[in-house]
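Structure file run.txt with compact mmCIF, C-alpha atoms:
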# COMPACT_ATOMS: atom_id res chain seq x y z
CA MET A 1 0.00 0.00 0.00
CA LYS A 2 2.87 2.32 0.81
CA MET A 3 4.37 1.62 -2.59
CA LEU A 4 1.04 2.23 -4.31
CA ALA A 5 0.73 5.57 -2.55
CA PHE A 6 4.31 6.31 -3.55
CA THR A 7 3.55 5.49 -7.19
CA LEU A 8 0.48 7.70 -7.25
CA ALA A 9 2.39 10.55 -5.60
CA PHE A 10 5.16 10.09 -8.16
CA ALA A 11 2.66 10.16 -11.03
CA VAL A 12 1.00 13.30 -9.67
CA ALA A 13 4.35 15.04 -9.17
CA VAL A 14 5.49 14.11 -12.65
CA LEU A 15 2.34 15.14 -14.44
CA GLY A 16 1.74 18.21 -12.32
CA SER A 17 5.23 19.58 -12.86
CA SER A 18 5.39 19.41 -16.60
CA GLY A 19 2.04 20.47 -17.96
CA ASP A 20 -0.47 18.66 -20.09
CA ALA A 21 1.35 17.27 -23.10
CA LEU A 22 3.90 14.58 -22.33
CA ALA A 23 3.93 12.05 -25.12
CA HIS A 24 7.30 11.01 -26.43
CA LYS A 25 7.18 10.41 -30.11
CA MET A 26 8.82 11.88 -33.17
CA LYS A 27 6.43 13.68 -35.49
CA LEU A 28 6.73 15.37 -38.84
CA PHE A 29 4.64 18.29 -39.98
CA ALA A 30 4.70 19.65 -43.53
CA THR A 31 2.60 21.94 -45.63
CA ALA A 32 2.71 23.32 -49.15
CA GLU A 33 2.65 27.03 -49.98
CA GLY A 34 2.61 27.24 -53.73
CA ALA A 35 5.16 24.78 -55.04
CA VAL A 36 7.32 25.06 -51.92
CA VAL A 37 6.88 22.34 -49.34
CA SER A 38 8.13 23.29 -45.90
CA GLY A 39 7.84 21.69 -42.52
CA TYR A 40 9.65 20.56 -39.44
CA VAL A 41 10.34 17.49 -37.32
CA TYR A 42 9.55 17.60 -33.63
CA PHE A 43 9.16 15.49 -30.55
CA SER A 44 5.70 15.63 -29.20
CA PRO A 45 6.26 17.94 -27.41
CA GLY A 46 9.91 17.71 -26.31
CA GLY A 47 11.29 20.21 -28.82
CA ARG A 48 12.50 20.13 -32.41
CA ALA A 49 14.56 17.30 -33.85
CA GLN A 50 17.78 18.72 -35.28
CA ASP A 51 19.90 17.00 -37.89
CA ALA A 52 17.33 14.37 -38.75
CA GLN A 53 17.48 12.76 -42.18
CA ILE A 54 14.64 13.87 -44.46
CA ALA A 55 13.64 12.10 -47.65
CA ALA A 56 10.68 12.95 -49.85
CA THR A 57 9.49 10.46 -52.43
CA ALA A 58 6.79 10.81 -55.05
CA ALA A 59 4.03 8.25 -55.44
CA ASP A 60 6.02 6.44 -58.15
CA GLY A 61 9.02 6.02 -55.85
CA ALA A 62 11.25 8.76 -57.27
CA THR A 63 13.16 10.64 -54.59
CA VAL A 64 12.60 14.37 -55.06
CA PHE A 65 14.42 15.65 -52.00
CA SER A 66 16.82 14.41 -49.37
CA GLY A 67 18.62 16.39 -46.71
CA ARG A 68 18.84 17.09 -43.02
CA THR A 69 16.86 19.33 -40.72
CA ASP A 70 18.38 22.62 -39.53
CA ALA A 71 18.81 23.88 -35.95
CA GLN A 72 15.06 24.54 -35.71
CA GLY A 73 14.23 21.09 -37.02
CA GLY A 74 12.94 22.65 -40.25
CA PHE A 75 13.32 21.77 -43.92
CA ARG A 76 11.96 23.09 -47.22
CA PHE A 77 12.09 22.06 -50.84
CA GLU A 78 10.36 22.88 -54.09
CA VAL A 79 8.42 20.34 -56.12
CA GLN A 80 8.20 20.27 -59.90
CA ARG A 81 5.01 18.34 -60.47
CA ARG A 82 1.65 17.79 -58.88
CA ALA A 83 1.62 14.42 -57.14
CA ASP A 84 1.44 12.80 -53.73
CA TYR A 85 4.69 13.10 -51.81
CA ARG A 86 5.60 10.98 -48.84
CA ILE A 87 8.08 12.71 -46.56
CA ALA A 88 9.97 10.52 -44.10
CA ALA A 89 12.20 11.61 -41.24
CA ASP A 90 14.78 9.39 -39.57
CA GLY A 91 16.43 10.49 -36.32
CA GLY A 92 19.15 7.84 -36.65
CA ASP A 93 18.42 6.41 -33.20
CA GLY A 94 15.30 4.44 -34.05
CA HIS A 95 12.95 7.41 -34.19
CA GLU A 96 11.01 7.64 -37.42
CA ALA A 97 8.12 9.75 -38.63
CA HIS A 98 6.38 10.39 -41.91
CA PHE A 99 3.86 12.72 -43.48
CA THR A 100 2.08 12.77 -46.84
CA ILE A 101 1.55 15.91 -48.91
CA THR A 102 -1.32 15.15 -51.25
CA ALA A 103 -1.52 16.40 -54.81
CA ALA A 104 -4.61 18.42 -53.88
CA GLU A 105 -2.49 20.71 -51.69
CA LEU A 106 -0.19 21.68 -54.56
CA PRO A 107 -1.11 24.41 -57.06
CA GLN A 108 -2.96 23.34 -60.19
CA SER A 109 -0.49 25.21 -62.39
CA LEU A 110 2.10 22.48 -61.85
CA PRO A 111 2.12 19.69 -64.44
CA ALA A 112 0.52 16.56 -63.06
CA GLU A 113 2.83 14.07 -64.71
CA PRO A 114 4.84 14.22 -67.94
CA ALA A 115 4.48 10.50 -68.64
CA PRO A 116 1.34 9.47 -66.77
CA THR A 117 1.50 6.17 -64.94
CA PRO A 118 -1.64 4.52 -63.54
CA THR A 119 -0.68 5.34 -59.93
CA THR A 120 -0.44 9.10 -60.45
CA THR A 121 -3.56 9.39 -62.60
CA ALA A 122 -5.42 7.62 -59.83
CA ALA A 123 -4.02 9.98 -57.21
CA PRO A 124 -5.84 13.23 -58.15
CA PRO A 125 -9.33 12.03 -59.04
CA SER A 126 -11.04 15.36 -58.26
CA SER A 127 -9.47 17.43 -61.04
CA PRO A 128 -9.52 16.21 -64.65
CA PRO A 129 -5.83 16.48 -65.65
CA PRO A 130 -6.20 17.27 -69.36
CA THR A 131 -8.38 20.38 -68.86
CA ALA A 132 -6.14 21.61 -66.06
CA ALA A 133 -3.15 21.24 -68.31
CA VAL A 134 -4.82 22.95 -71.27
CA ALA A 135 -6.49 25.83 -69.45
CA PRO A 136 -3.67 28.02 -68.06
CA ALA A 137 -4.88 31.47 -69.07
CA PRO A 138 -2.12 33.89 -67.91
CA PRO A 139 -3.97 36.33 -65.58
CA LEU A 140 -6.32 33.95 -63.75
CA PRO A 141 -3.88 31.34 -62.35
CA ASP A 142 -1.83 34.16 -60.81
CA LEU A 143 -4.78 35.35 -58.77
CA ALA A 144 -5.78 31.78 -57.91
CA ALA A 145 -2.24 30.99 -56.84
CA LEU A 146 -2.14 34.10 -54.66
CA VAL A 147 -5.40 33.18 -52.98
CA GLU A 148 -4.24 29.61 -52.49
CA GLN A 149 -0.97 30.73 -50.98
CA SER A 150 -2.50 33.16 -48.53
CA VAL A 151 -5.14 30.66 -47.46
CA ALA A 152 -2.43 28.04 -46.96
CA ARG A 153 -0.44 30.51 -44.88
CA GLN A 154 -3.44 31.35 -42.74
CA ILE A 155 -4.57 27.81 -42.03
CA ARG A 156 -1.03 26.62 -41.30
CA PRO A 157 -1.11 27.44 -37.55
CA LEU A 158 -4.44 25.69 -37.31
CA ARG A 159 -3.08 22.58 -38.97
CA GLU A 160 0.02 22.63 -36.77
CA GLN A 161 -2.19 22.84 -33.71
CA LEU A 162 -4.37 19.97 -34.91
CA ASP A 163 -1.32 17.87 -35.67
CA SER A 164 0.24 18.36 -32.24
CA TYR A 165 -3.10 18.08 -30.46
CA GLN A 166 -3.50 14.57 -31.85
CA GLU A 167 -0.52 13.47 -29.80
CA THR A 168 -1.09 15.31 -26.57
CA LEU A 169 -1.22 12.99 -23.66
CA ARG A 170 -4.29 13.27 -21.54
CA TRP A 171 -4.86 12.63 -17.89
CA HIS A 172 -7.60 10.10 -18.49
CA ASP A 173 -5.27 8.01 -20.65
CA VAL A 174 -2.68 7.86 -17.87
CA LEU A 175 -5.28 7.05 -15.25
CA GLY A 176 -6.83 4.48 -17.60
CA GLY A 177 -3.46 2.81 -18.04
CA LEU A 178 -2.88 2.65 -14.30
CA GLY A 179 -6.39 1.24 -13.93
CA TYR A 180 -5.60 -1.47 -16.48
CA ILE A 181 -2.45 -2.43 -14.58
CA ILE A 182 -4.30 -2.63 -11.27
CA GLY A 183 -7.10 -4.65 -12.90
CA LEU A 184 -4.70 -7.09 -14.56
CA GLY A 185 -2.82 -7.44 -11.28
CA GLY A 186 -6.06 -8.25 -9.49
CA LEU A 187 -7.06 -10.75 -12.16
CA ALA A 188 -3.67 -12.48 -12.00
CA TYR A 189 -3.89 -12.55 -8.21
CA GLY A 190 -7.34 -14.11 -8.36
CA PHE A 191 -6.31 -16.82 -10.84
CA ALA A 192 -3.11 -17.53 -8.94
CA SER A 193 -4.89 -17.99 -5.64
CA ARG A 194 -7.51 -20.23 -7.32
CA ALA A 195 -4.74 -22.38 -8.83
CA ASN A 196 -3.12 -22.63 -5.40
CA GLY A 197 -6.40 -23.52 -3.74
CA ARG A 198 -7.35 -26.39 -6.09
CA PRO A 199 -4.63 -28.92 -5.14
CA ARG A 200 -5.40 -28.32 -1.49
CA ARG A 201 -9.06 -29.16 -2.04
CA ARG A 202 -8.15 -32.31 -3.99
CA LEU A 203 -5.82 -33.34 -1.20
CA ALA A 204 -8.60 -32.81 1.31
CA ALA A 205 -10.99 -35.00 -0.74
CA SER A 206 -8.48 -37.84 -1.05
CA GLU A 207 -7.77 -37.60 2.66
CA LYS A 208 -11.46 -38.00 3.31
CA GLU A 209 -11.57 -41.11 1.10
CA ALA A 210 -8.52 -42.49 2.89
CA ALA A 211 -10.20 -41.85 6.20
CA ARG A 212 -13.26 -43.88 5.11
CA MET B 1 14.57 5.98 -28.53
CA ALA B 2 13.89 3.15 -26.29
CA HIS B 3 10.48 2.67 -27.85
CA ILE B 4 11.23 1.64 -31.42
CA PRO B 5 8.32 2.32 -33.81
CA ASP B 6 6.97 -0.11 -36.39
CA GLY B 7 8.71 -0.47 -39.71
CA VAL B 8 12.29 0.16 -38.55
CA LEU B 9 13.50 -3.34 -37.75
CA SER B 10 13.95 -6.36 -39.96
CA LEU B 11 11.90 -9.53 -39.65
CA PRO B 12 14.50 -11.86 -38.02
CA VAL B 13 15.16 -9.27 -35.32
CA LEU B 14 11.43 -9.00 -34.65
CA ALA B 15 11.12 -12.78 -34.39
CA VAL B 16 14.04 -13.07 -31.96
CA GLY B 17 12.65 -10.23 -29.85
CA ALA B 18 9.22 -11.84 -29.68
CA ALA B 19 10.72 -15.21 -28.76
CA VAL B 20 12.87 -13.72 -25.98
CA ALA B 21 9.91 -11.75 -24.64
CA VAL B 22 7.61 -14.79 -24.58
CA ALA B 23 10.24 -17.04 -22.99
CA GLY B 24 11.17 -14.42 -20.39
CA CYS B 25 7.55 -13.77 -19.49
CA ALA B 26 6.81 -17.48 -19.19
CA TYR B 27 9.80 -18.03 -16.91
CA GLY B 28 9.06 -14.87 -14.92
CA LEU B 29 5.44 -15.90 -14.37
CA ARG B 30 6.44 -19.46 -13.39
CA ARG B 31 8.75 -18.15 -10.70
CA LEU B 32 6.25 -15.55 -9.56
CA ASP B 33 4.59 -16.19 -6.22
CA ALA B 34 0.95 -15.08 -5.96
CA GLU B 35 1.78 -12.96 -2.93
CA ARG B 36 4.10 -10.82 -5.02
CA ILE B 37 1.64 -10.03 -7.82
CA PRO B 38 0.56 -6.68 -6.30
CA GLN B 39 4.20 -5.64 -6.11
CA VAL B 40 4.69 -6.52 -9.78
CA ALA B 41 1.62 -4.46 -10.66
CA VAL B 42 2.88 -1.45 -8.70
CA LEU B 43 6.29 -1.54 -10.39
CA SER B 44 4.63 -2.01 -13.76
CA ALA B 45 2.68 1.18 -13.00
CA VAL B 46 5.91 3.00 -12.03
CA PHE B 47 7.50 1.92 -15.31
CA PHE B 48 4.38 2.95 -17.24
CA VAL B 49 4.48 6.46 -15.75
CA ALA B 50 8.27 6.88 -15.88
CA SER B 51 8.33 7.02 -19.68
CA LEU B 52 6.20 10.16 -19.55
CA VAL B 53 9.01 12.11 -17.86
CA HIS B 54 11.04 13.38 -20.75
CA PHE B 55 13.43 16.19 -21.46
CA PRO B 56 15.32 17.46 -24.51
CA VAL B 57 18.99 16.44 -24.82
CA GLY B 58 20.97 17.86 -27.72
CA PRO B 59 19.24 17.10 -31.01
CA SER B 60 16.95 14.46 -29.53
CA SER B 61 14.55 13.96 -26.64
CA VAL B 62 14.80 11.30 -23.96
CA HIS B 63 12.73 10.00 -21.10
CA LEU B 64 13.23 8.01 -17.92
CA ILE B 65 13.14 4.23 -18.28
CA LEU B 66 13.61 2.97 -14.70
CA ASN B 67 14.19 -0.61 -15.85
CA GLY B 68 17.07 -0.89 -13.37
CA LEU B 69 14.68 -0.18 -10.51
CA VAL B 70 12.11 -2.63 -11.86
CA GLY B 71 14.78 -5.32 -12.22
CA VAL B 72 16.21 -4.81 -8.73
CA ALA B 73 12.77 -4.89 -7.17
CA LEU B 74 11.32 -7.77 -9.19
CA GLY B 75 14.08 -9.95 -10.64
CA TRP B 76 12.65 -12.26 -13.29
CA ALA B 77 9.16 -10.87 -12.76
CA ALA B 78 10.40 -7.70 -14.50
CA PHE B 79 9.48 -9.39 -17.81
CA PRO B 80 5.70 -9.51 -17.31
CA ALA B 81 5.73 -6.09 -15.57
CA ILE B 82 7.54 -4.42 -18.48
CA LEU B 83 5.46 -6.28 -21.09
CA ILE B 84 2.18 -4.99 -19.64
CA ALA B 85 3.48 -1.43 -19.25
CA LEU B 86 4.90 -1.33 -22.80
CA LEU B 87 1.72 -2.81 -24.28
CA LEU B 88 -0.38 -0.11 -22.62
CA GLN B 89 2.07 2.63 -23.67
CA ALA B 90 1.92 1.43 -27.27
CA VAL B 91 -1.88 1.24 -27.33
CA MET B 92 -2.64 4.44 -25.44
CA PHE B 93 0.17 6.84 -26.36
CA GLY B 94 1.63 5.33 -29.51
CA PHE B 95 5.05 4.86 -27.84
CA GLY B 96 6.66 2.19 -29.96
CA GLY B 97 4.86 -0.12 -32.34
CA LEU B 98 2.79 -3.19 -31.58
CA VAL B 99 4.74 -5.43 -33.97
CA VAL B 100 8.05 -4.47 -32.34
CA LEU B 101 6.64 -4.96 -28.85
CA GLY B 102 8.71 -8.11 -28.37
CA VAL B 103 11.95 -6.34 -29.28
CA ASN B 104 11.13 -3.40 -27.02
CA VAL B 105 10.38 -5.78 -24.15
CA MET B 106 13.66 -7.56 -24.79
CA ASN B 107 15.62 -4.28 -24.91
CA MET B 108 14.31 -3.16 -21.54
CA ALA B 109 13.56 -6.36 -19.62
CA VAL B 110 16.81 -8.27 -20.28
CA PRO B 111 18.92 -5.44 -18.77
CA ALA B 112 16.41 -5.25 -15.91
CA VAL B 113 16.82 -8.97 -15.11
CA ILE B 114 20.63 -8.70 -15.38
CA CYS B 115 20.55 -5.77 -12.94
CA GLY B 116 18.29 -7.69 -10.58
CA LEU B 117 20.48 -10.82 -10.55
CA ALA B 118 23.68 -8.76 -10.12
CA PHE B 119 22.07 -6.83 -7.27
CA ASP B 120 21.10 -10.08 -5.54
CA ILE B 121 24.67 -11.39 -5.77
CA VAL B 122 26.12 -8.16 -4.38
CA ARG B 123 23.58 -8.13 -1.56
CA GLN B 124 24.25 -11.74 -0.60
CA ARG B 125 28.03 -11.39 -0.68
CA GLY B 126 28.49 -7.85 0.59
CA GLY B 127 25.52 -7.46 2.90
CA GLU B 128 23.21 -4.50 3.36
CA ARG B 129 26.11 -2.02 3.40
CA TRP B 130 26.61 -2.39 -0.34
CA ALA B 131 22.96 -2.66 -1.28
CA VAL B 132 22.31 1.06 -1.84
CA PRO B 133 25.40 1.74 -4.01
CA ALA B 134 24.67 -1.46 -5.91
CA ALA B 135 21.12 -0.24 -6.56
CA GLY B 136 22.50 3.05 -7.90
CA ILE B 137 24.85 1.18 -10.23
CA ALA B 138 21.97 -1.05 -11.30
CA GLY B 139 19.97 2.07 -12.22
CA VAL B 140 22.82 3.27 -14.44
CA LEU B 141 23.49 -0.17 -15.87
CA GLY B 142 19.85 -0.72 -16.84
CA VAL B 143 19.82 2.36 -19.07
CA LEU B 144 23.31 1.69 -20.43
CA LEU B 145 22.48 -1.87 -21.47
CA THR B 146 19.15 -0.78 -22.94
CA ALA B 147 20.87 1.91 -25.03
CA LEU B 148 23.47 -0.58 -26.28
CA SER B 149 20.78 -3.12 -27.02
CA VAL B 150 18.76 -0.59 -29.03
CA ALA B 151 21.86 0.31 -31.03
CA LEU B 152 22.61 -3.37 -31.60
CA VAL B 153 19.07 -4.09 -32.74
CA LEU B 154 19.22 -1.15 -35.15
CA ALA B 155 22.60 -2.37 -36.41
CA LEU B 156 21.20 -5.84 -37.05
CA SER B 157 18.45 -4.25 -39.13
CA GLY B 158 20.91 -2.64 -41.49
CA ARG B 159 21.92 0.59 -39.73
CA GLU B 160 25.45 1.51 -38.81
CA PHE B 161 26.17 0.42 -35.24
CA LEU B 162 28.59 3.13 -34.09
CA PRO B 163 26.64 6.28 -35.07
CA ALA B 164 23.42 4.86 -33.63
CA ALA B 165 25.17 3.72 -30.44
CA LYS B 166 26.85 7.11 -30.04
CA LEU B 167 23.60 9.00 -30.56
CA VAL B 168 21.67 6.81 -28.16
CA LEU B 169 24.39 6.65 -25.47
CA VAL B 170 25.19 10.36 -25.45
CA ALA B 171 21.51 11.27 -25.28
CA HIS B 172 21.03 8.91 -22.35
CA LEU B 173 23.92 10.08 -20.15
CA PRO B 174 21.65 12.42 -18.14
CA VAL B 175 19.04 9.67 -17.88
CA MET B 176 21.66 7.29 -16.47
CA ILE B 177 22.72 9.79 -13.79
CA ILE B 178 19.16 10.59 -12.77
CA GLU B 179 18.14 6.96 -12.68
CA GLY B 180 21.23 5.99 -10.69
CA PHE B 181 20.30 8.42 -7.92
CA PHE B 182 16.58 7.65 -8.14
CA THR B 183 17.08 3.88 -7.94
CA ALA B 184 19.54 4.20 -5.05
CA ALA B 185 17.12 6.44 -3.16
CA ALA B 186 14.10 4.21 -3.81
CA ILE B 187 15.89 0.97 -2.88
CA GLY B 188 17.48 2.67 0.14
CA LEU B 189 14.00 3.62 1.33
CA VAL B 190 12.68 0.08 0.76
CA ILE B 191 15.63 -1.45 2.65
CA ARG B 192 15.01 0.83 5.60
CA VAL B 193 11.22 0.45 5.66
CA LYS B 194 10.48 -3.06 4.43
CA PRO B 195 13.60 -5.04 3.47
CA ASP B 196 11.78 -8.36 2.95
CA VAL B 197 10.22 -6.89 -0.22
CA LEU B 198 13.57 -7.49 -1.91
CA ASP B 199 13.92 -11.11 -0.82
CA ARG B 200 13.11 -13.00 -3.96
CA THR B 201 12.62 -16.59 -2.96
CA PRO B 202 11.19 -18.57 -5.85
CA ALA B 203 7.66 -19.86 -5.42
CA PHE B 204 8.57 -23.56 -5.34
CA SER B 205 10.93 -23.22 -2.39
CA ILE B 206 8.15 -21.60 -0.36
CA GLU B 207 5.61 -24.25 -1.34
CA GLU B 208 7.78 -27.17 -0.34
CA PRO B 209 7.42 -26.96 3.46
CA ALA B 210 3.64 -26.72 3.03
CA ARG B 211 3.43 -30.09 1.25
Take the structure in the file and give it back as structure tokens.
Amino acid sequence: MKMLAFTLAFAVAVLGSSGDALAHKMKLFATAEGAVVSGYVYFSPGGRAQDAQIAATAADGATVFSGRTDAQGGFRFEVQRRADYRIAADGGDGHEAHFTITAAELPQSLPAEPAPTPTTTAAPPSSPPPTAAVAPAPPLPDLAALVEQSVARQIRPLREQLDSYQETLRWHDVLGGLGYIIGLGGLAYGFASRANGRPRRRLAASEKEAAR
Amino acid sequence: MAHIPDGVLSLPVLAVGAAVAVAGCAYGLRRLDAERIPQVAVLSAVFFVASLVHFPVGPSSVHLILNGLVGVALGWAAFPAILIALLLQAVMFGFGGLVVLGVNVMNMAVPAVICGLAFDIVRQRGGERWAVPAAGIAGVLGVLLTALSVALVLALSGREFLPAAKLVLVAHLPVMIIEGFFTAAAIGLVIRVKPDVLDRTPAFSIEEPAR
């Protein structure tokens, strides 16, 4: 009982001292503003991951970017065509994270695919590629690109918040975990004492028979 | 670091990890006396909570492991305690993957058991005087062996051993120091208050006089 009280006090001290979010996991966040994809790698929430290996691959497996994160854990690169990109980060010590930039986030002015393969034509089903490729009237795409860029810039903090909120660790999870451990311990204790009790009962029955 | 996510390790490593975890848990449970189950549950809870204490070190971020403490307090029963705690961490917080659960258990429970057995030997030979320093060393050793084991597992899956080992070891130096002091303090308290908690007599040797 003393140790249980000690554990609970330890848990309270730990959680009370360091705020709400305590998960330990590497995460990658990226967003596209125009044709520039930028993002950063972070520990949820233990700070940014510096010098992590970044590799971005298109849906067809071609590597479009590889490099390392800077002192703020950030990276940026420009894409040439409109496709799904999978960005993977590797901390080198077993931490890995990945993020997918979908073709829908990239501006329509980019060419979808010079030599279309079935995977990339399947990727953007919402926009018919031939009309998008034929239609670039000079003044309109500029305005559309501007609007797209400013909207992307404005919703970026929101998306960052959503992304990190997903991983915040909540009190009820911690308490639920402790509850599971106590419950499993109780279950094991019950089974163990039943298993110990059975041979004794059998012994008692055989003793009775022997007595008769 | 200590919680390796899914998709990093190769298949043979995963299989070996799962086999070691299953064997260790089976042996730990066989030696476990029913009277000690609450103690195992409490230390499992301590381990479960300890991983939430994390701090940034250099380019990475680390957290307490406390497998040395679990090993010293539980001996072979550290296997089931760590398995349960890691399973719940994986399911609830996404710490480490479910497929690599066996490897993660191996990385943390094998050092724990080594620490526990070494602590027992020191305590039997040297007496209570050496128990507290031995517990401190066990706290350091648990983290050190876990870090080396993680680096080794990564190396066996096709990474370079030395860079990974360096990264993991350097990042865990502060953790080792903290855990050394914490384990020494916790075991010192237990020895003063209730020393028989640390007497691990296997279940069968207790049962024998009753028969």
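Considering all atoms listed in the file, the residue among A:Ser150, A:Gln72, A:Ser38, A:Thr57 positioned nearest to chain B is A:Gln72.
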Problem set entry | Residue nearest B:Gly96 - candidates A:Val79, A:Ile87, A:Ala97, A:Leu146, atoms counted: all atoms listed in the file | A:Ala97
For this session: Check every residue of chain B for an atom within 7 Å of chain A, counting all atoms listed in the file, and provide those that qualify as a list in words.
Result: Met1, Ile4, Pro5, Val8, Ala34, Ile37, Pro38, Ala41, Val42, Ala45, Val46, Val49, Leu52, Val53, Phe55, Pro56, Pro59, Ser60, Ser61, Leu88, Met92, Phe93, Phe95, Leu154, Ala164, Leu167 and Val168 of chain B
Exercise. Near A:Ile101, within 7 Å and counting all atoms listed in the file, which residues show up once chain neighbours fewer than 6 positions away are dropped, as JSON, numbers by chain?
Worked result: {"A": [31, 84, 85, 86]}
Restricting the output to C-alpha atoms, write the selected residues as a PDB file, in the coordinates of the input.
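This went into part.pdb:
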ATOM      1  CA  THR A  31       2.600  21.940 -45.630  1.00  0.00           C
ATOM      2  CA  ASP A  84       1.440  12.800 -53.730  1.00  0.00           C
ATOM      3  CA  TYR A  85       4.690  13.100 -51.810  1.00  0.00           C
ATOM      4  CA  ARG A  86       5.600  10.980 -48.840  1.00  0.00           C
TER       5      ARG A  86
END
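Using all atoms listed in the file for every distance, the candidate list A:Gln80, A:Thr102, A:Thr69, A:Gln108 yields A:Gln108 as the residue closest to A:Glu148.
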For this session: Using all atoms listed in the file, give me every residue within 10 Å of (5.0, -7.8, -9.2) in file coordinates, as an NGL selection string.
Result: (:A and (185)) or (:B and (28-29 or 32-44 or 70 or 73-81))
Exercise. Leaving out B:Leu69 and any residue of its chain fewer than 6 positions from it, which residues lie within 10 Å of it when counting all atoms listed in the file, given as a PyMOL selection string?
Worked result: chain B and resi 43+46-47+75+78+112+115-116+135-136+138-140+142+179-180+182-184+186-187
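Pairwise distance (atom CA of A:Trp171, atom CA of B:Gln89) equals 13.5 Å.
Between atom CA of B:Leu64 and atom CA of B:Phe48 there is a distance of 10.2 Å.
Of note, atom CA of B:Arg125 and atom CA of B:Val110 are spaced 22.8 Å apart.
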Exercise. Which neighbours of B:Glu128 fall inside 10 Å, counting only C-alpha atoms, when residues of the same chain fewer than 6 positions from it are skipped, and could you give them as a list of chain:residue names?
Worked result: B:Val122, B:Ala134, B:Gly188, B:Ile191, B:Pro195
Atom completion result for stretch 3-16 of chain B (N, CA and C atoms) as a compact mmCIF listing (two decimals), in the frame of the given file:
# COMPACT_ATOMS: atom_id res chain seq x y z
N HIS B 3 11.68 3.26 -27.25
CA HIS B 3 10.48 2.67 -27.85
C HIS B 3 10.64 2.75 -29.36
N ILE B 4 11.00 1.63 -29.98
CA ILE B 4 11.23 1.64 -31.42
C ILE B 4 9.88 1.54 -32.12
N PRO B 5 9.61 2.41 -33.11
CA PRO B 5 8.32 2.32 -33.81
C PRO B 5 8.31 1.19 -34.83
N ASP B 6 7.12 0.93 -35.37
CA ASP B 6 6.97 -0.11 -36.39
C ASP B 6 7.71 0.28 -37.66
N GLY B 7 8.16 -0.72 -38.39
CA GLY B 7 8.71 -0.47 -39.71
C GLY B 7 10.18 -0.11 -39.73
N VAL B 8 10.87 -0.18 -38.58
CA VAL B 8 12.29 0.16 -38.55
C VAL B 8 13.14 -1.11 -38.59
N LEU B 9 12.67 -2.15 -37.94
CA LEU B 9 13.50 -3.34 -37.75
C LEU B 9 13.18 -4.40 -38.79
N SER B 10 14.15 -5.30 -38.98
CA SER B 10 13.95 -6.36 -39.96
C SER B 10 13.27 -7.56 -39.29
N LEU B 11 12.75 -8.43 -40.13
CA LEU B 11 11.90 -9.53 -39.65
C LEU B 11 12.60 -10.48 -38.68
N PRO B 12 13.86 -10.94 -38.98
CA PRO B 12 14.50 -11.86 -38.02
C PRO B 12 14.67 -11.24 -36.64
N VAL B 13 14.99 -9.94 -36.61
CA VAL B 13 15.16 -9.27 -35.32
C VAL B 13 13.84 -9.27 -34.55
N LEU B 14 12.75 -9.00 -35.28
CA LEU B 14 11.43 -9.00 -34.65
C LEU B 14 11.11 -10.37 -34.07
N ALA B 15 11.43 -11.41 -34.84
CA ALA B 15 11.12 -12.78 -34.39
C ALA B 15 11.91 -13.11 -33.14
N VAL B 16 13.22 -12.77 -33.13
CA VAL B 16 14.04 -13.07 -31.96
C VAL B 16 13.52 -12.31 -30.75
